[in-house]
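**Q** Contents are PDB, C-alpha atoms and all ligand atoms; file name query_12.pdb:
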MODEL        1
ATOM      1  CA  MET B   1      11.970  10.817 -18.511
ATOM      2  CA  THR B   2      12.735   7.487 -16.838
ATOM      3  CA  VAL B   3      11.102   6.713 -13.518
ATOM      4  CA  GLU B   4      13.065   4.576 -11.082
ATOM      5  CA  ILE B   5      11.398   2.591  -8.330
ATOM      6  CA  GLY B   6      13.489   1.758  -5.260
ATOM      7  CA  LEU B   7      13.448   1.117  -1.542
ATOM      8  CA  GLU B   8      13.111   4.163   0.705
ATOM      9  CA  THR B   9      16.333   5.387   2.323
ATOM     10  CA  PRO B  10      16.659   7.435   5.536
ATOM     11  CA  ASP B  11      17.153  10.534   3.349
ATOM     12  CA  ASP B  12      13.726   9.967   1.759
ATOM     13  CA  VAL B  13      11.667  10.089   4.957
ATOM     14  CA  GLU B  14      10.776  13.798   4.835
ATOM     15  CA  LEU B  15      10.293  13.750   1.057
ATOM     16  CA  ILE B  16       7.892  10.816   1.402
ATOM     17  CA  HIS B  17       5.895  12.764   4.000
ATOM     18  CA  ARG B  18       5.738  15.770   1.682
ATOM     19  CA  THR B  19       4.868  13.681  -1.391
ATOM     20  CA  ASN B  20       1.965  11.971   0.386
ATOM     21  CA  THR B  21       0.691  15.266   1.827
ATOM     22  CA  VAL B  22       0.657  16.899  -1.615
ATOM     23  CA  ALA B  23      -0.780  13.794  -3.323
ATOM     24  CA  PHE B  24      -3.622  13.728  -0.788
ATOM     25  CA  ASP B  25      -4.482  17.357  -1.396
ATOM     26  CA  GLY B  26      -2.881  18.738   1.764
ATOM     27  CA  ARG B  27      -4.267  16.096   4.138
ATOM     28  CA  THR B  28      -1.581  14.781   6.463
ATOM     29  CA  GLU B  29      -3.337  11.606   7.707
ATOM     30  CA  GLU B  30      -1.799   9.339   5.061
ATOM     31  CA  ALA B  31       1.673  10.899   5.431
ATOM     32  CA  ASP B  32       1.406  10.526   9.223
ATOM     33  CA  LEU B  33       0.262   6.917   8.795
ATOM     34  CA  VAL B  34       3.521   6.089   6.998
ATOM     35  CA  ASP B  35       5.585   7.744   9.753
ATOM     36  CA  GLU B  36       3.677   5.905  12.502
ATOM     37  CA  LEU B  37       3.995   2.562  10.720
ATOM     38  CA  ARG B  38       7.721   3.121  10.327
ATOM     39  CA  GLU B  39       8.168   4.100  13.982
ATOM     40  CA  ALA B  40       6.143   1.104  15.167
ATOM     41  CA  GLY B  41       8.225  -1.279  13.039
ATOM     42  CA  ASP B  42       5.133  -2.277  11.025
ATOM     43  CA  LEU B  43       6.358  -0.921   7.676
ATOM     44  CA  LEU B  44       7.136  -4.018   5.660
ATOM     45  CA  LEU B  45       8.048  -2.413   2.353
ATOM     46  CA  SER B  46       8.275   1.250   1.407
ATOM     47  CA  LEU B  47       9.030   2.135  -2.210
ATOM     48  CA  VAL B  48       9.690   5.505  -3.788
ATOM     49  CA  ALA B  49       9.429   6.523  -7.421
ATOM     50  CA  ARG B  50      12.138   8.938  -8.556
ATOM     51  CA  ARG B  51      12.399  10.999 -11.691
ATOM     52  CA  ASP B  52      15.643  12.925 -12.185
ATOM     53  CA  GLY B  53      16.505  11.980  -8.615
ATOM     54  CA  GLU B  54      13.351  13.671  -7.247
ATOM     55  CA  VAL B  55      10.789  11.690  -5.268
ATOM     56  CA  ILE B  56       7.500  11.862  -7.204
ATOM     57  CA  GLY B  57       5.596   8.929  -5.719
ATOM     58  CA  HIS B  58       5.483   6.480  -2.852
ATOM     59  CA  VAL B  59       3.759   3.281  -1.772
ATOM     60  CA  ALA B  60       3.713   1.616   1.644
ATOM     61  CA  PHE B  61       3.013  -1.995   2.542
ATOM     62  CA  SER B  62       2.628  -2.919   6.209
ATOM     63  CA  ARG B  63       2.145  -6.001   8.341
ATOM     64  CA  LEU B  64      -1.363  -7.020   9.431
ATOM     65  CA  LEU B  65      -2.566 -10.173  11.138
ATOM     66  CA  ILE B  66      -5.121 -12.659   9.815
ATOM     67  CA  ASP B  67      -6.778 -14.665  12.592
ATOM     68  CA  THR B  68      -7.118 -18.058  10.903
ATOM     69  CA  ALA B  69      -8.720 -21.113  12.501
ATOM     70  CA  SER B  70      -5.230 -22.342  13.395
ATOM     71  CA  GLY B  71      -3.923 -19.033  14.761
ATOM     72  CA  PRO B  72      -2.683 -15.652  13.555
ATOM     73  CA  VAL B  73      -0.854 -15.500  10.214
ATOM     74  CA  GLY B  74       0.857 -12.457   8.685
ATOM     75  CA  GLY B  75      -0.735 -10.631   5.781
ATOM     76  CA  VAL B  76       0.009  -7.317   4.119
ATOM     77  CA  ALA B  77      -1.829  -3.994   3.916
ATOM     78  CA  LEU B  78      -1.236  -1.718   0.917
ATOM     79  CA  ALA B  79      -1.634   1.912   2.045
ATOM     80  CA  PRO B  80      -1.111   4.604   1.185
ATOM     81  CA  VAL B  81      -0.037   5.112  -2.410
ATOM     82  CA  GLY B  82       0.480   8.641  -3.650
ATOM     83  CA  VAL B  83       1.867  10.320  -6.756
ATOM     84  CA  LEU B  84       2.489  14.063  -7.108
ATOM     85  CA  PRO B  85      -0.409  15.659  -9.018
ATOM     86  CA  GLY B  86       1.817  16.826 -11.903
ATOM     87  CA  CYS B  87       3.058  13.259 -12.414
ATOM     88  CA  GLN B  88      -0.244  11.346 -12.256
ATOM     89  CA  ASP B  89      -1.768   9.297 -15.086
ATOM     90  CA  GLU B  90       1.672   8.356 -16.393
ATOM     91  CA  GLY B  91       1.815   4.867 -14.899
ATOM     92  CA  VAL B  92       3.882   5.804 -11.834
ATOM     93  CA  GLY B  93       1.305   4.559  -9.304
ATOM     94  CA  SER B  94       0.946   1.319 -11.275
ATOM     95  CA  ASP B  95       4.732   0.854 -11.427
ATOM     96  CA  LEU B  96       5.010   1.337  -7.651
ATOM     97  CA  ILE B  97       2.216  -1.122  -6.908
ATOM     98  CA  ARG B  98       3.362  -3.765  -9.424
ATOM     99  CA  LYS B  99       6.956  -3.611  -8.212
ATOM    100  CA  GLY B 100       5.809  -3.868  -4.589
ATOM    101  CA  LEU B 101       3.546  -6.845  -5.303
ATOM    102  CA  ALA B 102       6.353  -8.625  -7.172
ATOM    103  CA  MET B 103       8.738  -8.076  -4.241
ATOM    104  CA  LEU B 104       6.118  -9.353  -1.785
ATOM    105  CA  ALA B 105       5.535 -12.450  -3.941
ATOM    106  CA  ASP B 106       9.301 -13.075  -3.926
ATOM    107  CA  ARG B 107       9.191 -12.904  -0.138
ATOM    108  CA  GLU B 108       6.380 -15.495  -0.230
ATOM    109  CA  GLU B 109       3.792 -13.160   1.244
ATOM    110  CA  GLN B 110       0.362 -14.663   0.626
ATOM    111  CA  VAL B 111      -2.337 -12.027   1.007
ATOM    112  CA  VAL B 112      -2.427  -8.271   0.331
ATOM    113  CA  LEU B 113      -5.413  -6.135   1.355
ATOM    114  CA  VAL B 114      -6.233  -2.648   0.166
ATOM    115  CA  VAL B 115      -9.051  -0.195   0.818
ATOM    116  CA  GLY B 116      -9.624   1.901  -2.274
ATOM    117  CA  ASN B 117     -11.481   2.385  -5.511
ATOM    118  CA  PRO B 118     -12.047  -0.977  -7.268
ATOM    119  CA  ALA B 119     -11.871   0.895 -10.609
ATOM    120  CA  TYR B 120      -8.165   1.422  -9.893
ATOM    121  CA  TYR B 121      -7.148  -1.697  -7.970
ATOM    122  CA  ASP B 122      -8.923  -4.256 -10.209
ATOM    123  CA  ARG B 123      -6.087  -3.901 -12.725
ATOM    124  CA  PHE B 124      -3.595  -5.365 -10.257
ATOM    125  CA  GLY B 125      -5.807  -8.384  -9.547
ATOM    126  CA  PHE B 126      -7.385  -7.105  -6.306
ATOM    127  CA  SER B 127     -10.933  -8.382  -5.778
ATOM    128  CA  SER B 128     -13.789  -7.130  -3.594
ATOM    129  CA  ALA B 129     -15.243 -10.664  -3.550
ATOM    130  CA  VAL B 130     -11.984 -12.051  -2.129
ATOM    131  CA  GLY B 131     -11.873  -9.083   0.262
ATOM    132  CA  LYS B 132     -15.046 -10.397   1.940
ATOM    133  CA  ARG B 133     -12.960 -13.296   3.333
ATOM    134  CA  TYR B 134     -11.059 -10.783   5.480
ATOM    135  CA  PRO B 135     -13.547  -9.012   7.753
ATOM    136  CA  SER B 136     -12.219  -6.053   9.734
ATOM    137  CA  ARG B 137     -13.115  -2.512  10.745
ATOM    138  CA  HIS B 138     -12.346  -1.597   7.110
ATOM    139  CA  SER B 139     -14.869  -4.048   5.647
ATOM    140  CA  GLY B 140     -17.103  -2.698   2.882
ATOM    141  CA  PRO B 141     -17.248  -2.334  -0.884
ATOM    142  CA  HIS B 142     -13.818  -0.685  -0.971
ATOM    143  CA  LEU B 143     -11.999  -3.500   0.780
ATOM    144  CA  MET B 144     -10.204  -5.717  -1.735
ATOM    145  CA  ALA B 145      -7.778  -8.594  -1.472
ATOM    146  CA  LEU B 146      -5.144 -10.132  -3.701
ATOM    147  CA  VAL B 147      -3.847 -13.638  -3.058
ATOM    148  CA  LEU B 148      -0.216 -14.104  -4.084
ATOM    149  CA  GLY B 149       0.782 -17.699  -4.700
ATOM    150  CA  ASP B 150      -1.455 -20.720  -4.177
ATOM    151  CA  PRO B 151      -5.051 -19.635  -3.426
ATOM    152  CA  THR B 152      -5.888 -23.042  -1.933
ATOM    153  CA  THR B 153      -3.440 -22.490   0.940
ATOM    154  CA  ALA B 154      -3.988 -18.760   1.473
ATOM    155  CA  PRO B 155      -4.862 -17.797   5.060
ATOM    156  CA  ILE B 156      -8.467 -16.671   5.578
ATOM    157  CA  GLY B 157     -10.065 -14.977   8.582
ATOM    158  CA  PRO B 158     -10.738 -11.729  10.413
ATOM    159  CA  VAL B 159      -7.995  -9.135  10.122
ATOM    160  CA  ARG B 160      -6.195  -6.992  12.680
ATOM    161  CA  TYR B 161      -4.605  -3.885  11.181
ATOM    162  CA  PRO B 162      -1.546  -2.193  12.707
ATOM    163  CA  GLU B 163      -2.526   0.358  15.364
ATOM    164  CA  ALA B 164      -1.407   3.266  13.151
ATOM    165  CA  PHE B 165      -4.410   2.628  10.874
ATOM    166  CA  GLY B 166      -6.535   4.272  13.565
ATOM    167  CA  LEU B 167      -5.187   7.531  12.062
ATOM    168  CA  VAL B 168      -7.078   7.041   8.811
ATOM    169  CA  ASN B 169     -10.342   5.629  10.196
TER
HETATM  170  C1  LIG D 201      -4.216   6.920  -7.108
HETATM  171  C2  LIG D 201      -2.844   7.318  -7.624
HETATM  172  C3  LIG D 201      -1.774   6.808  -6.686
HETATM  173  C4  LIG D 201      -2.654   6.675  -8.996
HETATM  174  O1  LIG D 201      -1.348   6.966  -9.457
HETATM  175  P1  LIG D 201      -1.108   7.350 -10.997
HETATM  176  O2  LIG D 201       0.343   7.333 -11.229
HETATM  177  O3  LIG D 201      -1.852   8.583 -11.307
HETATM  178  O4  LIG D 201      -1.855   6.114 -11.689
HETATM  179  P2  LIG D 201      -1.513   5.357 -13.038
HETATM  180  O5  LIG D 201      -0.928   6.298 -14.032
HETATM  181  O6  LIG D 201      -0.756   4.140 -12.710
HETATM  182  O7  LIG D 201      -2.960   4.921 -13.492
HETATM  183  C5  LIG D 201      -3.835   5.876 -14.021
HETATM  184  C6  LIG D 201      -5.229   5.318 -13.971
HETATM  185  O8  LIG D 201      -5.689   5.311 -12.615
HETATM  186  C7  LIG D 201      -6.960   5.920 -12.560
HETATM  187  N1  LIG D 201      -7.134   6.501 -11.228
HETATM  188  C8  LIG D 201      -6.338   7.387 -10.616
HETATM  189  N2  LIG D 201      -6.836   7.687  -9.402
HETATM  190  C9  LIG D 201      -7.954   6.953  -9.243
HETATM  191  C10 LIG D 201      -8.909   6.842  -8.203
HETATM  192  N3  LIG D 201      -8.816   7.523  -7.052
HETATM  193  N4  LIG D 201      -9.933   5.999  -8.403
HETATM  194  C11 LIG D 201     -10.052   5.288  -9.554
HETATM  195  N5  LIG D 201      -9.182   5.353 -10.568
HETATM  196  C12 LIG D 201      -8.155   6.198 -10.409
HETATM  197  C13 LIG D 201      -6.921   6.932 -13.673
HETATM  198  O9  LIG D 201      -8.217   7.307 -14.058
HETATM  199  C14 LIG D 201      -6.223   6.128 -14.774
HETATM  200  O10 LIG D 201      -7.146   5.224 -15.326
HETATM  201  P3  LIG D 201      -6.957   4.575 -16.794
HETATM  202  O11 LIG D 201      -5.665   3.830 -16.799
HETATM  203  O12 LIG D 201      -8.139   3.661 -16.931
HETATM  204  O13 LIG D 201      -6.951   5.737 -17.716
HETATM  205  C15 LIG D 201      -2.703   8.866  -7.807
HETATM  206  O14 LIG D 201      -3.723   9.309  -8.670
HETATM  207  C16 LIG D 201      -2.773   9.628  -6.498
HETATM  208  O15 LIG D 201      -1.756   9.844  -5.854
HETATM  209  N6  LIG D 201      -3.991  10.071  -6.123
HETATM  210  C17 LIG D 201      -4.168  10.836  -4.905
HETATM  211  C18 LIG D 201      -3.958   9.993  -3.694
HETATM  212  C19 LIG D 201      -4.895   8.783  -3.678
HETATM  213  O16 LIG D 201      -6.092   8.932  -3.867
HETATM  214  N7  LIG D 201      -4.304   7.600  -3.439
HETATM  215  C20 LIG D 201      -5.018   6.341  -3.487
HETATM  216  C21 LIG D 201      -5.748   6.082  -2.241
HETATM  217  S1  LIG D 201      -6.664   4.571  -2.360
ENDMDL
END
Could you write out this file's structure as structure tokens?

**A**
Amino acid sequence: MTVEIGLETPDDVELIHRTNTVAFDGRTEEADLVDELREAGDLLLSLVARRDGEVIGHVAFSRLLIDTASGPVGGVALAPVGVLPGCQDEGVGSDLIRKGLAMLADREEQVVLVVGNPAYYDRFGFSSAVGKRYPSRHSGPHLMALVLGDPTTAPIGPVRYPEAFGLVN
């Protein structure tokens, strides 16, 4: 069955909350994070995956700030991404992430950070080594970065996450 990836609509908000809660095994922190980001105006891009019109997956990208030597520059945080358990391992999470990264590249975003398992995020080009250039309260082996566009001009520096990320600390 075909999976369609598209922008969230107002009708999707509750379904996104439910999808993330189920994907994260009943935890609501990630679902609440998406709601808080949306309410705070920090949600940069929110994509849903639909099969037969039903929401089966979701990914959120939000605005963070990179404190470069010449001042703060916008970057992007990828979090969370969730796919309903019955629909996992079919490429839906990858489709959501790849589509989101392509849309961010089109918008000339330069840096995307993610905290997660390198075994999963490596395939999209995220790197723990590059992640070390972006120290923050999420620093560690699970912090990875992907530079979109020209790496020689990418902003580098300490990172400030949106306040809502306090929910998942
Ligand atoms: C992580 C998640 C979004 C991946 O979505 P998906 O549609 O199942 O993933 P895909 O089909 O695109 O990719 C499947 C691959 O991801 C791997 N994978 C899935 N979850 C993983 C994890 N937590 N860590 C490492 N690898 C993982 C699978 O082993 C599989 O690997 P393979 O391609 O080498 O066989 C989904 O499993 C999910 O919702 N998990 C629960 C919520 C979660 O942990 N989100 C990520 C937080 S960082």

**Q** Please return as number ranges by chain every residue within 6 Å of (4.7, 9.5, -5.4), taking into account all atoms listed in the file and the file's own coordinates.

**A** B: 19, 49, 56-58, 82-84

**Q** Could you give me, as a ChimeraX atom specification, the residues within 10 Å of Asp42 of chain B, counting all atoms listed in the file and dropping anything in the same chain fewer than 5 positions from it?

**A** /B:34,36-37,61-64,76,161-164

**Q** What's around Ile156 of chain B at 8 Å? Count only C-alpha atoms, leave out sequence neighbours fewer than 4 positions away in its own chain, and write the answer as a list in words.

**A**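 After dropping sequence-adjacent residues, the list is Ile66, Asp67, Thr68, Arg133 and Tyr134 of chain B.
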
**Q** Give me, as JSON lines, the closest atom pair and its distance (Å, one decimal) for every residue of chain B within a cut-off of 10 Å of ligand LIG 201 (chain D), counting only C-alpha atoms and all ligand atoms, rows sorted by chain and rising number.

**A**
{"residue": "B:Thr19", "atom": "CA", "partner": "D:LIG201", "partner_atom": "O15", "distance": 8.9}
{"residue": "B:Asn20", "atom": "CA", "partner": "D:LIG201", "partner_atom": "C18", "distance": 7.5}
{"residue": "B:Thr21", "atom": "CA", "partner": "D:LIG201", "partner_atom": "C18", "distance": 8.9}
{"residue": "B:Val22", "atom": "CA", "partner": "D:LIG201", "partner_atom": "C17", "distance": 8.4}
{"residue": "B:Ala23", "atom": "CA", "partner": "D:LIG201", "partner_atom": "C17", "distance": 4.8}
{"residue": "B:Phe24", "atom": "CA", "partner": "D:LIG201", "partner_atom": "C18", "distance": 4.7}
{"residue": "B:Asp25", "atom": "CA", "partner": "D:LIG201", "partner_atom": "C17", "distance": 7.4}
{"residue": "B:Arg27", "atom": "CA", "partner": "D:LIG201", "partner_atom": "C18", "distance": 9.9}
{"residue": "B:Glu30", "atom": "CA", "partner": "D:LIG201", "partner_atom": "C21", "distance": 8.9}
{"residue": "B:Ala49", "atom": "CA", "partner": "D:LIG201", "partner_atom": "O2", "distance": 9.9}
{"residue": "B:Ile56", "atom": "CA", "partner": "D:LIG201", "partner_atom": "O2", "distance": 9.4}
{"residue": "B:Gly57", "atom": "CA", "partner": "D:LIG201", "partner_atom": "O15", "distance": 7.4}
{"residue": "B:His58", "atom": "CA", "partner": "D:LIG201", "partner_atom": "C3", "distance": 8.2}
{"residue": "B:Val59", "atom": "CA", "partner": "D:LIG201", "partner_atom": "C3", "distance": 8.2}
{"residue": "B:Leu78", "atom": "CA", "partner": "D:LIG201", "partner_atom": "S1", "distance": 8.9}
{"residue": "B:Ala79", "atom": "CA", "partner": "D:LIG201", "partner_atom": "S1", "distance": 7.2}
{"residue": "B:Pro80", "atom": "CA", "partner": "D:LIG201", "partner_atom": "C21", "distance": 6.0}
{"residue": "B:Val81", "atom": "CA", "partner": "D:LIG201", "partner_atom": "C3", "distance": 4.9}
{"residue": "B:Gly82", "atom": "CA", "partner": "D:LIG201", "partner_atom": "O15", "distance": 3.4}
{"residue": "B:Val83", "atom": "CA", "partner": "D:LIG201", "partner_atom": "O15", "distance": 3.8}
{"residue": "B:Leu84", "atom": "CA", "partner": "D:LIG201", "partner_atom": "O15", "distance": 6.1}
{"residue": "B:Pro85", "atom": "CA", "partner": "D:LIG201", "partner_atom": "O15", "distance": 6.8}
{"residue": "B:Gly86", "atom": "CA", "partner": "D:LIG201", "partner_atom": "O3", "distance": 9.0}
{"residue": "B:Cys87", "atom": "CA", "partner": "D:LIG201", "partner_atom": "O2", "distance": 6.6}
{"residue": "B:Gln88", "atom": "CA", "partner": "D:LIG201", "partner_atom": "O3", "distance": 3.3}
{"residue": "B:Asp89", "atom": "CA", "partner": "D:LIG201", "partner_atom": "O5", "distance": 3.3}
{"residue": "B:Glu90", "atom": "CA", "partner": "D:LIG201", "partner_atom": "O5", "distance": 4.1}
{"residue": "B:Gly91", "atom": "CA", "partner": "D:LIG201", "partner_atom": "O5", "distance": 3.2}
{"residue": "B:Val92", "atom": "CA", "partner": "D:LIG201", "partner_atom": "O2", "distance": 3.9}
{"residue": "B:Gly93", "atom": "CA", "partner": "D:LIG201", "partner_atom": "O2", "distance": 3.5}
{"residue": "B:Ser94", "atom": "CA", "partner": "D:LIG201", "partner_atom": "O6", "distance": 3.6}
{"residue": "B:Asp95", "atom": "CA", "partner": "D:LIG201", "partner_atom": "O6", "distance": 6.5}
{"residue": "B:Leu96", "atom": "CA", "partner": "D:LIG201", "partner_atom": "O6", "distance": 8.2}
{"residue": "B:Ile97", "atom": "CA", "partner": "D:LIG201", "partner_atom": "O6", "distance": 8.4}
{"residue": "B:Arg98", "atom": "CA", "partner": "D:LIG201", "partner_atom": "O6", "distance": 9.5}
{"residue": "B:Val114", "atom": "CA", "partner": "D:LIG201", "partner_atom": "S1", "distance": 7.7}
{"residue": "B:Val115", "atom": "CA", "partner": "D:LIG201", "partner_atom": "S1", "distance": 6.2}
{"residue": "B:Gly116", "atom": "CA", "partner": "D:LIG201", "partner_atom": "S1", "distance": 4.0}
{"residue": "B:Asn117", "atom": "CA", "partner": "D:LIG201", "partner_atom": "N4", "distance": 4.9}
{"residue": "B:Pro118", "atom": "CA", "partner": "D:LIG201", "partner_atom": "C11", "distance": 7.0}
{"residue": "B:Ala119", "atom": "CA", "partner": "D:LIG201", "partner_atom": "C11", "distance": 4.9}
{"residue": "B:Tyr120", "atom": "CA", "partner": "D:LIG201", "partner_atom": "N5", "distance": 4.1}
{"residue": "B:Tyr121", "atom": "CA", "partner": "D:LIG201", "partner_atom": "C11", "distance": 7.7}
{"residue": "B:Asp122", "atom": "CA", "partner": "D:LIG201", "partner_atom": "N5", "distance": 9.6}
{"residue": "B:Arg123", "atom": "CA", "partner": "D:LIG201", "partner_atom": "O11", "distance": 8.7}
{"residue": "B:His142", "atom": "CA", "partner": "D:LIG201", "partner_atom": "S1", "distance": 9.0}

**Q** Could you list, as number ranges by chain, every residue within 8 Å of His17 of chain B, counting only C-alpha atoms and ignoring same-chain residues fewer than 5 positions away?

**A** B: 31-32, 34-35

**Q** Evaluated on this file, the PyMOL selection byres (((chain B and resi 107) around 12) and not hetatm) picks out some residues - which ones are they, written as a PyMOL selection string?

**A** chain B and resi 44-45+75-76+100-106+108-111+148-149

**Q** Write the residues you've just listed into a file as a PDB file, keeping the file's coordinate frame, and include C-alpha atoms for each of them.

**A**
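Full text of selection.pdb as output:
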ATOM      1  CA  LEU B  44       7.136  -4.018   5.660  1.00  0.00           C
ATOM      2  CA  LEU B  45       8.048  -2.413   2.353  1.00  0.00           C
ATOM      3  CA  GLY B  75      -0.735 -10.631   5.781  1.00  0.00           C
ATOM      4  CA  VAL B  76       0.009  -7.317   4.119  1.00  0.00           C
ATOM      5  CA  GLY B 100       5.809  -3.868  -4.589  1.00  0.00           C
ATOM      6  CA  LEU B 101       3.546  -6.845  -5.303  1.00  0.00           C
ATOM      7  CA  ALA B 102       6.353  -8.625  -7.172  1.00  0.00           C
ATOM      8  CA  MET B 103       8.738  -8.076  -4.241  1.00  0.00           C
ATOM      9  CA  LEU B 104       6.118  -9.353  -1.785  1.00  0.00           C
ATOM     10  CA  ALA B 105       5.535 -12.450  -3.941  1.00  0.00           C
ATOM     11  CA  ASP B 106       9.301 -13.075  -3.926  1.00  0.00           C
ATOM     12  CA  GLU B 108       6.380 -15.495  -0.230  1.00  0.00           C
ATOM     13  CA  GLU B 109       3.792 -13.160   1.244  1.00  0.00           C
ATOM     14  CA  GLN B 110       0.362 -14.663   0.626  1.00  0.00           C
ATOM     15  CA  VAL B 111      -2.337 -12.027   1.007  1.00  0.00           C
ATOM     16  CA  LEU B 148      -0.216 -14.104  -4.084  1.00  0.00           C
ATOM     17  CA  GLY B 149       0.782 -17.699  -4.700  1.00  0.00           C
TER      18      GLY B 149
END

**Q** Selected by the PyMOL selection byres (((chain B and resi 2) around 8) and not hetatm) in the shown coordinates: which residues, as a PyMOL selection string?

**A** chain B and resi 1+3-4+51-52

**Q** May I have the selected residues written with C-alpha atoms, as a PDB file, keeping the file's coordinate frame?

**A**
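Heads up, here's the output in part27.pdb:
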ATOM      1  CA  MET B   1      11.970  10.817 -18.511  1.00  0.00           C
ATOM      2  CA  VAL B   3      11.102   6.713 -13.518  1.00  0.00           C
ATOM      3  CA  GLU B   4      13.065   4.576 -11.082  1.00  0.00           C
ATOM      4  CA  ARG B  51      12.399  10.999 -11.691  1.00  0.00           C
ATOM      5  CA  ASP B  52      15.643  12.925 -12.185  1.00  0.00           C
TER       6      ASP B  52
END

**Q** Because some atoms of segment 5-11 of chain B are absent here, can you restore all heavy atoms and send them as an mmCIF file, in the coordinates of the input?

**A**
data_model
loop_
_atom_site.group_PDB
_atom_site.id
_atom_site.type_symbol
_atom_site.label_atom_id
_atom_site.label_comp_id
_atom_site.auth_asym_id
_atom_site.auth_seq_id
_atom_site.Cartn_x
_atom_site.Cartn_y
_atom_site.Cartn_z
ATOM 1 N N ILE B 5 12.070 3.007 -9.561
ATOM 2 C CA ILE B 5 11.398 2.591 -8.330
ATOM 3 C C ILE B 5 12.448 1.934 -7.437
ATOM 4 O O ILE B 5 13.191 1.048 -7.890
ATOM 5 C CB ILE B 5 10.287 1.548 -8.620
ATOM 6 C CG1 ILE B 5 9.347 2.009 -9.740
ATOM 7 C CG2 ILE B 5 9.529 1.190 -7.345
ATOM 8 C CD1 ILE B 5 8.438 3.133 -9.410
ATOM 9 N N GLY B 6 12.507 2.353 -6.174
ATOM 10 C CA GLY B 6 13.489 1.758 -5.260
ATOM 11 C C GLY B 6 13.030 1.819 -3.822
ATOM 12 O O GLY B 6 12.035 2.492 -3.488
ATOM 13 N N LEU B 7 13.763 1.121 -2.971
ATOM 14 C CA LEU B 7 13.448 1.117 -1.542
ATOM 15 C C LEU B 7 13.673 2.510 -0.953
ATOM 16 O O LEU B 7 14.584 3.221 -1.375
ATOM 17 C CB LEU B 7 14.368 0.134 -0.810
ATOM 18 C CG LEU B 7 14.210 -1.350 -1.142
ATOM 19 C CD1 LEU B 7 15.310 -2.153 -0.458
ATOM 20 C CD2 LEU B 7 12.836 -1.851 -0.700
ATOM 21 N N GLU B 8 12.873 2.887 0.037
ATOM 22 C CA GLU B 8 13.111 4.163 0.705
ATOM 23 C C GLU B 8 14.453 4.112 1.433
ATOM 24 O O GLU B 8 14.904 3.040 1.863
ATOM 25 C CB GLU B 8 11.992 4.496 1.702
ATOM 26 C CG GLU B 8 12.032 3.698 2.997
ATOM 27 C CD GLU B 8 11.186 4.314 4.122
ATOM 28 O OE1 GLU B 8 10.101 4.840 3.847
ATOM 29 O OE2 GLU B 8 11.629 4.217 5.294
ATOM 30 N N THR B 9 15.106 5.268 1.532
ATOM 31 C CA THR B 9 16.333 5.387 2.323
ATOM 32 C C THR B 9 16.042 6.391 3.438
ATOM 33 O O THR B 9 15.049 7.142 3.361
ATOM 34 C CB THR B 9 17.497 5.914 1.464
ATOM 35 O OG1 THR B 9 17.203 7.280 1.135
ATOM 36 C CG2 THR B 9 17.681 5.097 0.194
ATOM 37 N N PRO B 10 16.898 6.453 4.464
ATOM 38 C CA PRO B 10 16.659 7.435 5.536
ATOM 39 C C PRO B 10 16.526 8.856 4.995
ATOM 40 O O PRO B 10 15.747 9.659 5.523
ATOM 41 C CB PRO B 10 17.893 7.270 6.436
ATOM 42 C CG PRO B 10 18.324 5.845 6.220
ATOM 43 C CD PRO B 10 18.030 5.552 4.780
ATOM 44 N N ASP B 11 17.241 9.181 3.924
ATOM 45 C CA ASP B 11 17.153 10.534 3.349
ATOM 46 C C ASP B 11 15.791 10.827 2.725
ATOM 47 O O ASP B 11 15.461 11.985 2.452
ATOM 48 C CB ASP B 11 18.212 10.714 2.247
ATOM 49 C CG ASP B 11 19.596 10.838 2.823
ATOM 50 O OD1 ASP B 11 19.700 11.031 4.049
ATOM 51 O OD2 ASP B 11 20.573 10.707 2.058
#
